[in-house]
Each structure stands twice: as structure tokens, then as C-alpha cells.
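K.L.:
Below you will find the structure I want to go over with you.
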Amino acid sequence: ERTLAHMLLFDYFEQLKRIPASTDAQRKAVAQALNYLDNLNRTSVSPALRLDSIRAYTDMGLLQGSIYEENLGDVPGAIVTLRKSVALAEQLKNEEPMNLQYLGSYVSAERSLGQVYFGAGDARNALLHLMAAADAGQHMIAMPGVTPEMVTQVASSSDLLGDTYGLPSAGTLNDPAKALARYREAQEAYRAGLHLHPACIVCLRGVAVEDWKLGMAAEDKRSAEAFYRDALASIAALPQTEQSTSRVRRMNSLIRQSLGITLIDAGKTDDGLAMILPAQQHLRAAVAADPLDARARSDLALLDSNLANSFDDLSRYKKEMAANQEFLANIDSILRKDPTNAIWQFRRSMALARSGTLMMKSGDSAAALRL
């Protein structure tokens, strides 16, 4: 049973994650692995078995409700699962504080729980767990024998802290200076990982992600555009097999979306739309291919929200209305699974209000007042 669980988690699951529209297959793989491990945990408390259990609970929790992964939209379930992962990892870490494997499992579990809280709009709980991950991670990478994978865990914790501090918007702590510092810290860590292993794919991807986020945090459009183009150049430098994965295709789509919005805001409307519209089509295809994946829906919803704002600035009201309608359709689907998500409720109310204003312009006052 342990061999089967290990195969499902470390071989099968990792391959499934590279296949588009595989959310349900991923869920089945991890659920079966957890079933095996739960059976074994009733009769054994070996550290190796507990490490596999931490990995299984972490993978399942992310799959249940992390906005950073393909997920099933079950945030409450994800929090319950990840708390089990953190509790097991903390036990191992306390037993052997200098064991790199145990520290790594603890960093991963705390980081994962923090990112689920952040996705649910609970920035303060997110900060609590992400700081625990970052502090343990800094201790870990100062120890002999650290690997590039461990460095990327620390970089990821810094990146998530940047998101949590965030730029002024709903769901963050609205501290741009701290966000910038954490994004730069994350990029330095990814580059340190490349120094240890120049072919580290996760590190190469990480450098691109941090350029994208530094672009979003930039104070002027010219600097933002430069960061986005650097991010796209980093993606173009990845091996072709990596560029074709759903993870990198999604990243490429999100960066192009950000660059497109920046170009439109700078008055380069045609260039901006040439970036955004293919990204929109890519996300629509992802939603159609895997309706269970809440991340694809949320990505498309955010793109439509940004696009609606740009169409409003350009006085293209019919296109703004269409973007708002698609946004609302995806938000309603997400909220059916997680009706308590205050961030999505807030964004939904803003889209309804704006759609009502547009209806009023067209003379349909009854529909406008209803919205």
C-alpha cells in the first residue's frame, strides 16, 4: 500500500498535473493515495510514512481549494485537509529540528495553508502561516546540504507574502512597499537556485513570475511594460516541452493579459487587444475543457473584469457589457461552490452595479434597477 501511495503521489499525480483538464483524475489519484496512507497510519508511525502523508494532505488541500493550482473550489475542505498536513509536519520538525526533509515538509504545508487562506480573502490568517513558512525556510536554506528544490520553497513563500501584502485592492493588506520587497526577495532566491542548478525549471519559471509581479507593482507604464516583456522572454527561454505544459501556457496567458492592459492604458489599444484577446480565447478553452477547475474560471473572470474596465475607458460600452456578462457567469459558478468568499461577492456586486449603469444608458431602466 505504501508503494502504491508513493507511486500515485510522486509519479502519477505529477504527470497528471501536466495534462490539461485532468482535475478530476488528480482528485481520484490523491484520494486513493490518502486512503492507502490512512490505513497504514493506523498501525505504523514511521517517519517515512508520515512524510508521505504530509505530501498527500498537502497535495489534496491544494487541489481542493488553492487559487494558484487547478482546484475544485472547496476552500473549507482545503483548510481542514491542510491543517492535518501542518500538524503532522510540525510534529516531525519538533522531533528533529535539523532534519532538512522534515523542515521542507513543514515549509510546504504552512505555505500551502497560507495560500488557501489568501485565496479565500483572509489575508491576516494567510500572513500568519506564510510568515511561519518563510521563517522556517530561511533557517533551512542556511543549513548544509540544501537543494535547489528547497530554495524554491523559500522563494515561493516570499512570493506569496508579496501577494498577501499586495497592492491596494480587495483581499490584501494594502502595503505595496512590503509587497515589492518580498517579490524582489523571491526573485533573488530563484536566481540563487539557478546558481546551484542552472537547468532548474522551477527557478526559471519563478524568475518570470517575479518579473510579472514586479510589473504589476511598477509605478509607471514604461517600467511595467519592460518587466512584462522580460517575463515573456524568460518563458520563451524555457525548453519547448515545458512551454507546452498547462502551467506555463497559463502563465504566458496571464502575463500577456497584464501587458495588454498596460498597452491599452498607454494609448496603444490595438497592440493591447492583440495581446489580450488570444489570452481570453485560451482561458475560454480551458474552462470548456475542464468545467470542474475553479482556477480557470477565476482566471477568465479576472481577465474579463480588467477588460471591462479598459472598454469603459475607451467608451466601448457594448464590449464592456459582454465582458461583464461573461465575468458574472463565471463568478456565479465559483460562488455556488464557495458562497462565503467575500472577495468574489464584492467583485460580483461591482459588476452588477456597472452592468446596471450600462443598461440605464441603453434606456432599459427596469433591468438596470434590477441589476
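Letters for chains follow the order of the C-alpha cells (A, B, ...), residue numbers begin at 1 for each chain, and ligand numbers begin at 1 in the order shown.
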Please tabulate, as a Markdown table, the residues of range 278-310 of chain A that come within 10 Å of range 329-347 of chain A, each with its closest pair of atoms and the distance in Å to one decimal, counting only C-alpha atoms and ordering rows by chain, then residue number upward.
P.N.:
```
| residue | atom | partner | partner_atom | distance |
| --- | --- | --- | --- | --- |
| A:Val287 | CA | A:Asn330 | CA | 9.3 |
| A:Pro291 | CA | A:Ser333 | CA | 9.6 |
| A:Leu292 | CA | A:Ile334 | CA | 9.8 |
| A:Asp293 | CA | A:Ile334 | CA | 9.6 |
| A:Ala294 | CA | A:Ile334 | CA | 6.4 |
| A:Arg295 | CA | A:Ile334 | CA | 9.2 |
| A:Ala296 | CA | A:Asn330 | CA | 9.5 |
| A:Arg297 | CA | A:Asn330 | CA | 5.7 |
| A:Ser298 | CA | A:Asn330 | CA | 7.1 |
| A:Asp299 | CA | A:Asn330 | CA | 9.6 |
| A:Leu300 | CA | A:Asn330 | CA | 7.7 |
| A:Ala301 | CA | A:Asn330 | CA | 6.1 |
| A:Leu302 | CA | A:Arg347 | CA | 9.5 |
| A:Asp304 | CA | A:Asn330 | CA | 9.8 |
| A:Ser305 | CA | A:Arg347 | CA | 8.6 |
```
K.L.:
Taking the chain letters and numbering used in this document, name the residues of range 112-323 of chain A that DSSP puts in alpha helix (DSSP H), as a ChimeraX atom specification.
P.N.:
/A:112-119,123-141,148-165,176-196,201-217,221-236,240-243,246-265,269-289,294-313,317-323
K.L.:
For range 18-35 of chain A, please output as a PyMOL selection string all residues within 7 Å (counting only C-alpha atoms; exclusion window: fewer than 5 positions along the same chain).
P.N.:
chain A and resi 5+8-9+13+56+60+70-71+245-246+289-290+292-293
K.L.:
Can you tell me which residues surround Ala208 in chain A at a distance of at most 8 Å, considering only C-alpha atoms, apart from same-chain residues fewer than 6 positions away, and format the answer as a compact mmCIF listing (two decimals) with N, CA, C and O atoms, in the first residue's frame?
P.N.:
```txt
# COMPACT_ATOMS: atom_id res chain seq x y z
N ASP A 230 10.30 41.23 -20.13
CA ASP A 230 11.35 40.37 -19.57
C ASP A 230 10.76 39.02 -19.14
O ASP A 230 11.38 37.96 -19.34
N ALA A 231 9.56 39.06 -18.56
CA ALA A 231 8.91 37.82 -18.13
C ALA A 231 8.61 36.92 -19.33
O ALA A 231 8.86 35.70 -19.29
N LEU A 232 8.11 37.51 -20.41
CA LEU A 232 7.81 36.73 -21.61
C LEU A 232 9.09 36.16 -22.24
O LEU A 232 9.11 35.04 -22.76
N SER A 234 11.75 35.28 -20.54
CA SER A 234 12.15 34.15 -19.69
C SER A 234 11.34 32.90 -20.04
O SER A 234 11.88 31.78 -20.08
N ILE A 235 10.06 33.08 -20.32
CA ILE A 235 9.24 31.93 -20.72
C ILE A 235 9.70 31.38 -22.06
O ILE A 235 9.79 30.16 -22.25
```
K.L.:
Would you mind listing what lies within 12 Å of Asn309 in chain A as a tab-separated table (two decimals) with C-alpha atoms, in the first residue's frame, with only C-alpha atoms counted and same-chain residues fewer than 6 positions away left out?
P.N.:
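Wrote result19.tsv, looks like this:
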```tsv
chain	number	residue	atom	x	y	z
A	261	ILE	CA	-3.95	46.13	-20.27
A	264	ILE	CA	-4.26	49.89	-23.75
A	265	ASP	CA	-3.84	52.25	-20.78
A	302	LEU	CA	-10.32	38.44	-13.68
A	303	LEU	CA	-9.38	38.93	-17.33
A	315	SER	CA	-16.23	54.14	-24.30
A	316	ARG	CA	-16.85	50.76	-25.95
A	317	TYR	CA	-19.91	50.04	-23.87
A	319	LYS	CA	-17.98	45.24	-25.41
A	320	GLU	CA	-17.82	46.26	-21.76
A	321	MET	CA	-21.29	44.77	-21.21
A	322	ALA	CA	-20.30	41.50	-22.89
A	323	ALA	CA	-17.17	41.22	-20.74
A	324	ASN	CA	-19.24	41.92	-17.61
A	327	PHE	CA	-17.47	37.70	-15.77
A	350	MET	CA	-19.42	45.86	-8.55
A	351	ALA	CA	-20.02	44.12	-11.90
A	354	ARG	CA	-21.74	48.64	-13.57
A	355	SER	CA	-24.00	46.48	-15.77
```
K.L.:
Considering only C-alpha atoms, can you say which of A:Asp122, A:Leu358, A:Arg247, A:Asp270 comes closest to Leu16 in chain A?
P.N.:
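Of A:Asp122, A:Leu358, A:Arg247, A:Asp270, the one nearest Leu16 in chain A is A:Arg247, counting only C-alpha atoms.
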K.L.:
Contacts of range 126-131 of chain A at 12 Å or less, counting only C-alpha atoms, minus same-chain residues fewer than 6 places along, as a ChimeraX atom specification?
P.N.:
/A:79,82-83,86,106-120,137-138,153-166,171-173,182
K.L.:
With C-alpha atoms retained, could you export that selection as a PDB file, in the first residue's frame?
P.N.:
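Final file, out.pdb:
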```
ATOM      1  CA  ILE A  79      -8.328  24.298   5.074  1.00  0.00           C
ATOM      2  CA  LEU A  82      -4.063  21.356   5.138  1.00  0.00           C
ATOM      3  CA  ARG A  83      -4.383  21.733   8.899  1.00  0.00           C
ATOM      4  CA  VAL A  86       0.660  21.245   9.123  1.00  0.00           C
ATOM      5  CA  TYR A 106       6.782  21.901   7.240  1.00  0.00           C
ATOM      6  CA  VAL A 107       7.563  24.862   4.954  1.00  0.00           C
ATOM      7  CA  SER A 108       5.462  23.322   2.180  1.00  0.00           C
ATOM      8  CA  ALA A 109       2.481  22.620   4.462  1.00  0.00           C
ATOM      9  CA  GLU A 110       2.439  26.087   6.079  1.00  0.00           C
ATOM     10  CA  ARG A 111       2.927  27.813   2.725  1.00  0.00           C
ATOM     11  CA  SER A 112       0.057  25.837   1.185  1.00  0.00           C
ATOM     12  CA  LEU A 113      -2.327  26.646   4.039  1.00  0.00           C
ATOM     13  CA  GLY A 114      -1.351  30.329   3.787  1.00  0.00           C
ATOM     14  CA  GLN A 115      -2.083  30.485   0.072  1.00  0.00           C
ATOM     15  CA  VAL A 116      -5.528  28.917   0.525  1.00  0.00           C
ATOM     16  CA  TYR A 117      -6.387  31.486   3.203  1.00  0.00           C
ATOM     17  CA  PHE A 118      -5.194  34.254   0.883  1.00  0.00           C
ATOM     18  CA  GLY A 119      -7.334  32.942  -1.968  1.00  0.00           C
ATOM     19  CA  ALA A 120     -10.331  32.986   0.370  1.00  0.00           C
ATOM     20  CA  GLY A 137      12.605  28.349   5.182  1.00  0.00           C
ATOM     21  CA  GLN A 138      15.310  30.898   5.955  1.00  0.00           C
ATOM     22  CA  GLN A 153      10.128  26.576  -1.498  1.00  0.00           C
ATOM     23  CA  VAL A 154      11.550  29.611   0.288  1.00  0.00           C
ATOM     24  CA  ALA A 155      11.201  31.720  -2.870  1.00  0.00           C
ATOM     25  CA  SER A 156       7.576  30.660  -3.207  1.00  0.00           C
ATOM     26  CA  SER A 157       6.872  31.657   0.404  1.00  0.00           C
ATOM     27  CA  SER A 158       8.316  35.128  -0.263  1.00  0.00           C
ATOM     28  CA  ASP A 159       6.264  35.410  -3.441  1.00  0.00           C
ATOM     29  CA  LEU A 160       3.047  34.557  -1.597  1.00  0.00           C
ATOM     30  CA  LEU A 161       3.884  37.058   1.134  1.00  0.00           C
ATOM     31  CA  GLY A 162       4.201  39.660  -1.622  1.00  0.00           C
ATOM     32  CA  ASP A 163       0.715  38.784  -2.846  1.00  0.00           C
ATOM     33  CA  THR A 164      -0.657  38.979   0.697  1.00  0.00           C
ATOM     34  CA  TYR A 165       0.852  42.401   1.404  1.00  0.00           C
ATOM     35  CA  GLY A 166      -0.254  43.289  -2.072  1.00  0.00           C
ATOM     36  CA  GLY A 171      -8.234  40.915  -0.141  1.00  0.00           C
ATOM     37  CA  THR A 172      -4.706  42.169   0.518  1.00  0.00           C
ATOM     38  CA  LEU A 173      -3.083  44.056   3.389  1.00  0.00           C
ATOM     39  CA  ARG A 182       9.039  40.290  -0.969  1.00  0.00           C
TER      40      ARG A 182
END
```
K.L.:
Using only C-alpha atoms, find the one residue out of A:Ala274, A:Val146, A:Ala136, A:Leu307 that sits nearest to Leu100 in chain A.
P.N.:
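Among A:Ala274, A:Val146, A:Ala136, A:Leu307, it is A:Val146 that comes nearest to Leu100 in chain A.
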K.L.:
Hey, what's within 9 Å of Arg191 in chain A if we count only C-alpha atoms and toss same-chain stuff fewer than 6 positions away? As a PyMOL selection string, please?
P.N.:
chain A and resi 203-204+206-207
K.L.:
Figure out the distance between CA of Val202 in chain A and CA of Ala89 in chain A, please, to one decimal in Å.
P.N.:
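Those two atoms sit 23.2 Å apart.
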